[in-house]
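All remarks here apply to the structure that follows.
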Amino acid sequence: MSAPSTDIAILGGGLAGGLIALALRARRPELRVTVFEQGLQCGGDHVWSFFASDIEDRADLLEPLIAARWQGYEVRFPKRRRVLTTAYRSVTSARLDAALRAALSAERLLTGAIVTQVEPDKVTLADGRSFSAGAVIDARGAAGLPHLAGGWQKFVGQMLRLSAPHGLSHPIVMDATVAQHDGYRFVYALPFSATEVFVEDTYYADRPQLDLPVLRGRIADYAAAQGWRVASIDYEETGVLPVIAAGDFDAFWNTMGAPGIGQTGIGRAGARAGLVHPLTSYSLPIAWRFALHLSSLETLSAQTIGPVCHAWAREHWRRGRFYRMLTRMLYGAAVPDRRYKVLERFYGLSEPLIERFYAGRSTKADALRILAGKPPVPLGAAMASLAGRGRPLAPLGATT
Ligand SMILES: Cc1cc2nc3c(=O)[nH]c(=O)nc-3n(C[C@H](O)[C@H](O)[C@H](O)COP(=O)(O)OP(=O)(O)OC[C@H]3O[C@@H](n4cnc5c(N)ncnc54)[C@H](O)[C@@H]3O)c2cc1C
């Protein structure tokens with residue numbers, strides 16, 4: 001038998017695939033790792049943020065990807081304004097792309113490479129080329145999450161270049177003092193330099209549709225209300241992310257893989273494996289933990305990769321139970337324009353608890369603390385939503 005053309009084939013050079021490639025290159029340099037990315041750049045055109053406290057292990061390997069770092073952040077609600085000390089970080093796709101190009105040679109980082117067919121030991125591209133592989137990891141993202149239900153976090157973000165300094169010294173991770181529309185609405189503002197601020201208008205909504213002109217107008221109104229004079233809009237991104245409240249993990253897993261090979265043969269990572277925080281929809285810390293896990297394994301083969309990924313994703317699903325319950329309360333019990341009250345109350349809790357929440361590491365005591373006291377939503381509606389009788393949840397199978 002001839003040797004495979006690569007030991008590990010990673011399909012998709014986005015966040016999850018890119019981090020796995022970097023972790024494997026750093027910790028398993030003897031493995032030949034090949035990334036197949038359909039775009040001309042890895043990671044698209046993205047800013048991914050996270051709390052420094054989300055990353056427990058080998059944060060040093062992520063350092064080159066970080067474009068901005070801040071000591072602390074702020075939240076604003078009608079009845080609460082608070083500055084927290086947890087450090088905040090932003091990674092950019094441009095840096096991910098540069099790190100991958102530094103770690104992998106041109107024949108191991110294939111851009112413009114559209115994967116059309118996948119087998120446990122073979123990858124075929126749209127241009128007809130095929131590659132044999134010791135193991136295949138599918139990290140091609142997910143347009144929707146079949147068999148899961150919940151709501152949507154949707155947003156438009158713009159990098160605003162101002163004609164005078166904005167005066168922010170740290171990010172505003174949630175400014176919910178804005179008018180509430182279409183569910184829980186808040187503005188997110190990241191000051192990248194004295195005159196550059198990335199402003200995102202965000203909604204925890206029941207429907208995935210984005211009304212771009214309206215949201216752009218609201219960003220302009222927010223900037224004007226802060227007294228910021230916008231000289232130019234340098235960059236824009238939009239997102240419609242599933243917020244998971246309930247679902248059938250096994251059906252999801254079998255649907256997202258090729259039929260019949262859900263648990264064997266082909267590995268999966270990132271959103272395609274459901275590796276996202278059920279309530280925040282963020283995935284960077286989860287993707288990093290999984291990348292480190294894969295790079296710690298002695299054997300990565302077509303025989304082991306499917307079960308390894310399935311076991312990890314299943315455990316992630318199990319650990320997400322509490323966050324899915326909170327999502328059910330947020331979407332099922334709270335009247336859309338009162339949803340902000342859930343977060344307003346949450347931000348009155350201790351910083352370590354908030355850190356563990358974002359890291360997806362809440363303890364049983366945290367769960368009790370979050371649920372204790374007078375609920376910010378009507379008790380009857382909260383109980384009904386937990387019993388599955390609340391406002392109907394949206395199927396998350398597709399974003400349109
Ligand atoms: C606008 C936006 C902002 C976000 N901000 C944050 C944030 O700040 N922090 C955070 O933690 N999370 C954030 N998220 C959520 C989540 O982390 C991202 O969606 C993340 O990119 C998911 O990682 P992934 O690797 O699964 O998918 P992706 O990063 O989307 O990667 C999938 C890759 O596969 C490639 N691909 C797809 N099909 C093929 C094919 N047939 N052949 C070859 N390649 C293919 C794509 O081009 C893409 O590069 C954000 C999401 C969006 C949409």
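So you can find residues: chains in the structure tokens are A, B, ... in the order shown, residues in each start at 1, and ligands are numbered from 1 in order.
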Taking only C-alpha atoms and all ligand atoms into account, produce a table as JSON lines in which each residue of chain A with an atom at most 8 Å from an atom of ligand 1 appears once, together with its shortest atom pair and the distance in Å to one decimal, ordered by chain and rising number.
{"residue": "A:Leu11", "atom": "CA", "partner": "ligand 1", "partner_atom_place_in_ligand_line": "43 (C)", "distance": 5.7}
{"residue": "A:Gly12", "atom": "CA", "partner": "ligand 1", "partner_atom_place_in_ligand_line": "34 (O)", "distance": 3.3}
{"residue": "A:Gly13", "atom": "CA", "partner": "ligand 1", "partner_atom_place_in_ligand_line": "49 (O)", "distance": 4.7}
{"residue": "A:Gly14", "atom": "CA", "partner": "ligand 1", "partner_atom_place_in_ligand_line": "31 (O)", "distance": 3.2}
{"residue": "A:Leu15", "atom": "CA", "partner": "ligand 1", "partner_atom_place_in_ligand_line": "25 (O)", "distance": 3.8}
{"residue": "A:Ala16", "atom": "CA", "partner": "ligand 1", "partner_atom_place_in_ligand_line": "25 (O)", "distance": 3.6}
{"residue": "A:Gly17", "atom": "CA", "partner": "ligand 1", "partner_atom_place_in_ligand_line": "25 (O)", "distance": 5.5}
{"residue": "A:Gly18", "atom": "CA", "partner": "ligand 1", "partner_atom_place_in_ligand_line": "25 (O)", "distance": 7.3}
{"residue": "A:Phe36", "atom": "CA", "partner": "ligand 1", "partner_atom_place_in_ligand_line": "43 (C)", "distance": 5.4}
{"residue": "A:Glu37", "atom": "CA", "partner": "ligand 1", "partner_atom_place_in_ligand_line": "44 (N)", "distance": 3.9}
{"residue": "A:Gln38", "atom": "CA", "partner": "ligand 1", "partner_atom_place_in_ligand_line": "43 (C)", "distance": 3.9}
{"residue": "A:Gly39", "atom": "CA", "partner": "ligand 1", "partner_atom_place_in_ligand_line": "47 (O)", "distance": 5.2}
{"residue": "A:Gln41", "atom": "CA", "partner": "ligand 1", "partner_atom_place_in_ligand_line": "49 (O)", "distance": 7.9}
{"residue": "A:Cys42", "atom": "CA", "partner": "ligand 1", "partner_atom_place_in_ligand_line": "49 (O)", "distance": 5.6}
{"residue": "A:Gly43", "atom": "CA", "partner": "ligand 1", "partner_atom_place_in_ligand_line": "49 (O)", "distance": 4.6}
{"residue": "A:Gly44", "atom": "CA", "partner": "ligand 1", "partner_atom_place_in_ligand_line": "49 (O)", "distance": 5.7}
{"residue": "A:His46", "atom": "CA", "partner": "ligand 1", "partner_atom_place_in_ligand_line": "3 (C)", "distance": 6.4}
{"residue": "A:Val47", "atom": "CA", "partner": "ligand 1", "partner_atom_place_in_ligand_line": "8 (O)", "distance": 5.8}
{"residue": "A:Trp48", "atom": "CA", "partner": "ligand 1", "partner_atom_place_in_ligand_line": "8 (O)", "distance": 3.4}
{"residue": "A:Ser49", "atom": "CA", "partner": "ligand 1", "partner_atom_place_in_ligand_line": "8 (O)", "distance": 3.7}
{"residue": "A:Phe50", "atom": "CA", "partner": "ligand 1", "partner_atom_place_in_ligand_line": "9 (N)", "distance": 5.7}
{"residue": "A:Ser90", "atom": "CA", "partner": "ligand 1", "partner_atom_place_in_ligand_line": "8 (O)", "distance": 7.1}
{"residue": "A:Gly112", "atom": "CA", "partner": "ligand 1", "partner_atom_place_in_ligand_line": "43 (C)", "distance": 7.7}
{"residue": "A:Ala113", "atom": "CA", "partner": "ligand 1", "partner_atom_place_in_ligand_line": "43 (C)", "distance": 5.7}
{"residue": "A:Ile114", "atom": "CA", "partner": "ligand 1", "partner_atom_place_in_ligand_line": "42 (N)", "distance": 3.7}
{"residue": "A:Val115", "atom": "CA", "partner": "ligand 1", "partner_atom_place_in_ligand_line": "42 (N)", "distance": 3.8}
{"residue": "A:Thr116", "atom": "CA", "partner": "ligand 1", "partner_atom_place_in_ligand_line": "41 (N)", "distance": 5.8}
{"residue": "A:Leu125", "atom": "CA", "partner": "ligand 1", "partner_atom_place_in_ligand_line": "42 (N)", "distance": 7.7}
{"residue": "A:Ala139", "atom": "CA", "partner": "ligand 1", "partner_atom_place_in_ligand_line": "25 (O)", "distance": 5.6}
{"residue": "A:Arg140", "atom": "CA", "partner": "ligand 1", "partner_atom_place_in_ligand_line": "34 (O)", "distance": 3.4}
{"residue": "A:Gly141", "atom": "CA", "partner": "ligand 1", "partner_atom_place_in_ligand_line": "27 (O)", "distance": 3.7}
{"residue": "A:Ala142", "atom": "CA", "partner": "ligand 1", "partner_atom_place_in_ligand_line": "26 (O)", "distance": 6.6}
{"residue": "A:Phe155", "atom": "CA", "partner": "ligand 1", "partner_atom_place_in_ligand_line": "1 (C)", "distance": 7.5}
{"residue": "A:Val156", "atom": "CA", "partner": "ligand 1", "partner_atom_place_in_ligand_line": "1 (C)", "distance": 7.7}
{"residue": "A:Gly157", "atom": "CA", "partner": "ligand 1", "partner_atom_place_in_ligand_line": "1 (C)", "distance": 7.6}
{"residue": "A:Glu237", "atom": "CA", "partner": "ligand 1", "partner_atom_place_in_ligand_line": "1 (C)", "distance": 5.3}
{"residue": "A:Thr238", "atom": "CA", "partner": "ligand 1", "partner_atom_place_in_ligand_line": "1 (C)", "distance": 4.8}
{"residue": "A:Gly239", "atom": "CA", "partner": "ligand 1", "partner_atom_place_in_ligand_line": "53 (C)", "distance": 4.0}
{"residue": "A:Val240", "atom": "CA", "partner": "ligand 1", "partner_atom_place_in_ligand_line": "53 (C)", "distance": 6.1}
{"residue": "A:Leu241", "atom": "CA", "partner": "ligand 1", "partner_atom_place_in_ligand_line": "53 (C)", "distance": 6.4}
{"residue": "A:Ala269", "atom": "CA", "partner": "ligand 1", "partner_atom_place_in_ligand_line": "26 (O)", "distance": 6.6}
{"residue": "A:Gly270", "atom": "CA", "partner": "ligand 1", "partner_atom_place_in_ligand_line": "26 (O)", "distance": 3.4}
{"residue": "A:Ala271", "atom": "CA", "partner": "ligand 1", "partner_atom_place_in_ligand_line": "26 (O)", "distance": 3.7}
{"residue": "A:Arg272", "atom": "CA", "partner": "ligand 1", "partner_atom_place_in_ligand_line": "26 (O)", "distance": 5.8}
{"residue": "A:Ala273", "atom": "CA", "partner": "ligand 1", "partner_atom_place_in_ligand_line": "26 (O)", "distance": 7.8}
{"residue": "A:Leu275", "atom": "CA", "partner": "ligand 1", "partner_atom_place_in_ligand_line": "26 (O)", "distance": 7.6}
{"residue": "A:Val276", "atom": "CA", "partner": "ligand 1", "partner_atom_place_in_ligand_line": "17 (O)", "distance": 7.0}
{"residue": "A:Ser281", "atom": "CA", "partner": "ligand 1", "partner_atom_place_in_ligand_line": "15 (C)", "distance": 5.7}
{"residue": "A:Tyr282", "atom": "CA", "partner": "ligand 1", "partner_atom_place_in_ligand_line": "12 (N)", "distance": 3.6}
{"residue": "A:Ser283", "atom": "CA", "partner": "ligand 1", "partner_atom_place_in_ligand_line": "11 (O)", "distance": 3.9}
{"residue": "A:Leu284", "atom": "CA", "partner": "ligand 1", "partner_atom_place_in_ligand_line": "11 (O)", "distance": 3.9}
{"residue": "A:Pro285", "atom": "CA", "partner": "ligand 1", "partner_atom_place_in_ligand_line": "11 (O)", "distance": 6.6}
{"residue": "A:Ala287", "atom": "CA", "partner": "ligand 1", "partner_atom_place_in_ligand_line": "23 (O)", "distance": 7.6}
Kindly save the residues from that selection, with C-alpha atoms included, as a compact mmCIF listing (two decimals), in the first residue's frame.
# COMPACT_ATOMS: atom_id res chain seq x y z
CA LEU A 11 -11.30 20.44 5.65
CA GLY A 12 -11.91 24.16 6.16
CA GLY A 13 -9.26 26.64 7.26
CA GLY A 14 -11.65 28.64 9.45
CA LEU A 15 -11.44 29.09 13.18
CA ALA A 16 -11.68 25.44 14.26
CA GLY A 17 -9.70 23.92 11.38
CA GLY A 18 -7.05 26.64 11.64
CA PHE A 36 -8.05 22.51 2.41
CA GLU A 37 -9.73 25.92 2.38
CA GLN A 38 -12.16 27.05 -0.32
CA GLY A 39 -11.41 30.76 0.16
CA GLN A 41 -7.47 33.36 2.68
CA CYS A 42 -7.99 31.26 5.77
CA GLY A 43 -10.68 32.39 8.19
CA GLY A 44 -12.50 34.70 5.78
CA HIS A 46 -13.43 37.99 10.75
CA VAL A 47 -12.81 39.30 14.25
CA TRP A 48 -13.16 36.62 16.97
CA SER A 49 -13.15 37.81 20.56
CA PHE A 50 -12.86 36.00 23.86
CA SER A 90 -9.62 39.85 19.76
CA GLY A 112 -9.04 28.02 -3.35
CA ALA A 113 -9.50 24.29 -2.67
CA ILE A 114 -13.22 23.42 -2.66
CA VAL A 115 -13.82 20.04 -1.07
CA THR A 116 -16.60 18.16 -2.88
CA LEU A 125 -11.66 18.71 -4.69
CA ALA A 139 -14.26 21.67 9.96
CA ARG A 140 -16.24 23.32 7.15
CA GLY A 141 -18.55 25.27 9.47
CA ALA A 142 -22.32 24.95 9.61
CA PHE A 155 -25.75 41.30 14.23
CA VAL A 156 -24.13 43.81 11.93
CA GLY A 157 -20.71 45.11 12.94
CA GLU A 237 -19.38 41.96 9.07
CA THR A 238 -22.74 40.31 9.62
CA GLY A 239 -23.62 37.22 11.59
CA VAL A 240 -26.64 35.03 12.24
CA LEU A 241 -25.68 32.49 14.87
CA ALA A 269 -14.77 19.96 14.53
CA GLY A 270 -16.07 23.49 15.11
CA ALA A 271 -19.68 24.48 14.46
CA ARG A 272 -20.07 21.38 12.29
CA ALA A 273 -19.66 19.30 15.44
CA LEU A 275 -18.82 22.86 19.41
CA VAL A 276 -20.25 26.28 20.26
CA SER A 281 -22.88 31.11 20.23
CA TYR A 282 -19.15 31.83 20.58
CA SER A 283 -16.69 29.07 19.91
CA LEU A 284 -13.07 30.21 20.11
CA PRO A 285 -12.27 28.78 23.57
CA ALA A 287 -12.30 25.22 19.47
(request) List every residue of stretch 23-135 of chain A that DSSP, applied to the backbone, labels as alpha helix (DSSP H), and write the result as a list in words. (result)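 Here are the alpha helix (DSSP H) residues of stretch 23-135 of chain A: Ala23, Leu24, Arg25, Ala26, Arg27, Ser93, Ala94, Arg95, Leu96, Asp97, Ala98, Ala99, Leu100, Arg101, Ala102 and Ala103 of chain A.
Note that the spacing between atom CA of A:Met159 and atom CA of A:Phe192 amounts to 8.9 Å.
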Could you build a table of the residues in stretch 58-88 of chain A lying no more than 6 Å from stretch 166-172 of chain A, giving for each the nearest pair of atoms and their separation in Å rounded to one decimal place, using only C-alpha atoms, ordered by chain and ascending residue number, as CSV?
residue,atom,partner,partner_atom,distance
A:Tyr73,CA,A:Pro171,CA,5.0
A:Glu74,CA,A:Ile172,CA,4.7
A:Val75,CA,A:Ile172,CA,5.7
Go ahead and dump the residues you just picked, C-alpha atoms, as a PDB file, in the first residue's frame.
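Dumped to result_0.pdb:
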ATOM      1  CA  TYR A  73     -14.597  45.631  29.927  1.00  0.00           C
ATOM      2  CA  GLU A  74     -17.873  47.347  30.640  1.00  0.00           C
ATOM      3  CA  VAL A  75     -21.584  46.490  30.532  1.00  0.00           C
TER       4      VAL A  75
END
(request) Kindly indicate which residue among A:Phe186, A:Ser93, A:Thr34, A:Ser53 lies nearest to A:Leu343, using only C-alpha atoms for the distances. (result)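 Among the listed residues, A:Phe186 lies closest to A:Leu343.
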(request) Write out as a list of chain:residue names the residues lying within 6 Å of A:Leu145, counting only C-alpha atoms and excluding same-chain residues fewer than 2 positions away. (result) A:Leu148, A:Leu396, A:Gly397
(request) Could you please write out, as a PyMOL selection string, every residue of stretch 8-197 of chain A that DSSP assigns to strand (DSSP E or B)? (result) chain A and resi 8-11+33-37+47-51+66-70+73-77+80-84+88-92+109-111+115-119+122-125+130-138+148-162+172-175+184-193+196-197
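The residue that comes closest to A:Thr85, out of A:Ala126, A:Gly72, A:Arg161, A:Phe51 and on the basis of only C-alpha atoms, is A:Gly72.
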(request) One decimal, Å: what's the distance from atom CA of A:Gly183 over to atom CA of A:Pro336, could you say? (result)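 For atom CA of A:Gly183 relative to atom CA of A:Pro336, the distance reads 4.1 Å.
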Can you list every residue of stretch 161-210 of chain A that has an atom at most 10 Å from stretch 219-235 of chain A, with its nearest atom pair and the distance in Å to one decimal, using only C-alpha atoms, ordered by chain then number, as JSON lines?
{"residue": "A:Arg161", "atom": "CA", "partner": "A:Ser232", "partner_atom": "CA", "distance": 5.2}
{"residue": "A:Leu162", "atom": "CA", "partner": "A:Val230", "partner_atom": "CA", "distance": 4.5}
{"residue": "A:Ser163", "atom": "CA", "partner": "A:Ala231", "partner_atom": "CA", "distance": 5.4}
{"residue": "A:Ala164", "atom": "CA", "partner": "A:Arg229", "partner_atom": "CA", "distance": 7.0}
{"residue": "A:Pro165", "atom": "CA", "partner": "A:Trp228", "partner_atom": "CA", "distance": 8.0}
{"residue": "A:His166", "atom": "CA", "partner": "A:Trp228", "partner_atom": "CA", "distance": 6.2}
{"residue": "A:Gly167", "atom": "CA", "partner": "A:Trp228", "partner_atom": "CA", "distance": 9.3}
{"residue": "A:Val178", "atom": "CA", "partner": "A:Tyr222", "partner_atom": "CA", "distance": 8.2}
{"residue": "A:Val187", "atom": "CA", "partner": "A:Tyr222", "partner_atom": "CA", "distance": 8.2}
{"residue": "A:Thr195", "atom": "CA", "partner": "A:Trp228", "partner_atom": "CA", "distance": 9.3}
{"residue": "A:Glu196", "atom": "CA", "partner": "A:Asp234", "partner_atom": "CA", "distance": 9.2}
{"residue": "A:Val197", "atom": "CA", "partner": "A:Ala223", "partner_atom": "CA", "distance": 9.7}
{"residue": "A:Phe198", "atom": "CA", "partner": "A:Tyr235", "partner_atom": "CA", "distance": 8.8}
{"residue": "A:Val199", "atom": "CA", "partner": "A:Ile219", "partner_atom": "CA", "distance": 6.9}
{"residue": "A:Glu200", "atom": "CA", "partner": "A:Ile219", "partner_atom": "CA", "distance": 7.2}
{"residue": "A:Asp201", "atom": "CA", "partner": "A:Ile219", "partner_atom": "CA", "distance": 6.3}
(request) Might you pull out every residue within 10 Å of stretch 364-370 of chain A, with only C-alpha atoms counted and same-chain residues fewer than 3 positions away left off, and present them as a VMD selection string? (result) chain A and resid 322 to 323 326 342 345 to 346 348 to 350 352 to 354 356 to 357 361 373 375
Write to file, as a PDB file, in the first residue's frame, the residues of the selection just made, with C-alpha atoms.
ATOM      1  CA  PHE A 322     -27.590  24.225  31.937  1.00  0.00           C
ATOM      2  CA  TYR A 323     -26.917  26.816  29.202  1.00  0.00           C
ATOM      3  CA  LEU A 326     -31.112  29.303  30.306  1.00  0.00           C
ATOM      4  CA  VAL A 342     -32.168  38.442  32.422  1.00  0.00           C
ATOM      5  CA  ARG A 345     -29.575  40.588  36.700  1.00  0.00           C
ATOM      6  CA  PHE A 346     -26.817  38.172  35.605  1.00  0.00           C
ATOM      7  CA  GLY A 348     -24.958  41.662  39.217  1.00  0.00           C
ATOM      8  CA  LEU A 349     -23.263  38.344  40.070  1.00  0.00           C
ATOM      9  CA  SER A 350     -19.604  37.806  40.990  1.00  0.00           C
ATOM     10  CA  PRO A 352     -15.482  34.583  38.830  1.00  0.00           C
ATOM     11  CA  LEU A 353     -18.995  33.230  38.245  1.00  0.00           C
ATOM     12  CA  ILE A 354     -19.381  35.372  35.108  1.00  0.00           C
ATOM     13  CA  ARG A 356     -16.877  30.549  34.363  1.00  0.00           C
ATOM     14  CA  PHE A 357     -20.185  31.140  32.567  1.00  0.00           C
ATOM     15  CA  ARG A 361     -17.342  26.020  32.988  1.00  0.00           C
ATOM     16  CA  GLY A 373     -33.966  34.614  44.011  1.00  0.00           C
ATOM     17  CA  PRO A 375     -36.521  35.447  38.507  1.00  0.00           C
TER      18      PRO A 375
END
(request) May I have the residues within 6 Å of A:Ala394 as a ChimeraX atom specification, using only C-alpha atoms and disregarding those fewer than 6 positions away in the same chain? (result) /A:149-151
Go ahead and save the picked residues with all heavy atoms, as a CSV table (one decimal), in the first residue's frame.
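Saved the output as part-v4.csv:
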chain,number,residue,atom,x,y,z
A,149,ALA,N,-33.0,23.3,18.3
A,149,ALA,CA,-34.0,24.4,18.3
A,149,ALA,C,-33.6,25.5,19.3
A,149,ALA,O,-32.8,25.2,20.2
A,149,ALA,CB,-35.4,23.9,18.7
A,150,GLY,N,-34.1,26.7,19.1
A,150,GLY,CA,-33.7,27.8,20.0
A,150,GLY,C,-34.1,29.1,19.4
A,150,GLY,O,-35.3,29.4,19.1
A,151,GLY,N,-33.1,30.0,19.2
A,151,GLY,CA,-33.3,31.3,18.7
A,151,GLY,C,-32.1,31.7,17.9
A,151,GLY,O,-31.3,30.9,17.6
(request) Using only C-alpha atoms, pick whichever of A:Arg207, A:Arg80, A:Arg27, A:His316 has the shortest atom-to-atom distance to A:Tyr331. (result) A:Arg207
(message) Here is a test: counting only C-alpha atoms, which residue of A:Ala205, A:Leu297, A:Ala67, A:Ala52 is nearest to A:Leu24?
(response)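 Closest to A:Leu24 of all the choices is A:Leu297.
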(request) Go through A:Met325, A:Ala21, A:Leu190, A:Ala26 one by one, measure the shortest atom-to-atom distance of each to A:Trp70 using only C-alpha atoms, and give the residue with the smallest value. (result)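 The shortest atom-to-atom distance to A:Trp70 comes from A:Leu190.
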(message) If we count only C-alpha atoms and set the cut-off at 9 Å, which residues sit around A:Pro146, ignoring sequence neighbours fewer than 2 positions away in its own chain? Please answer as JSON, numbers by chain.
(response) {"A": [144, 148, 149, 247, 248, 251, 252, 253, 255, 256, 395, 396, 397, 398]}
(message) For a quick check of understanding, using only C-alpha atoms, which of A:Tyr340, A:Trp152, A:Phe249, A:Tyr358 has the smallest distance to A:Glu315?
(response)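 Distance minimum relative to A:Glu315 lands on A:Phe249.
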(message) Can you pull out the residues contacting A:Ala302? Cut-off 10 Å, using only C-alpha atoms, and skip same-chain residues under 5 positions away; I want them as a PyMOL selection string.
(response) chain A and resi 7-8+119-122+133-137+264-267+307
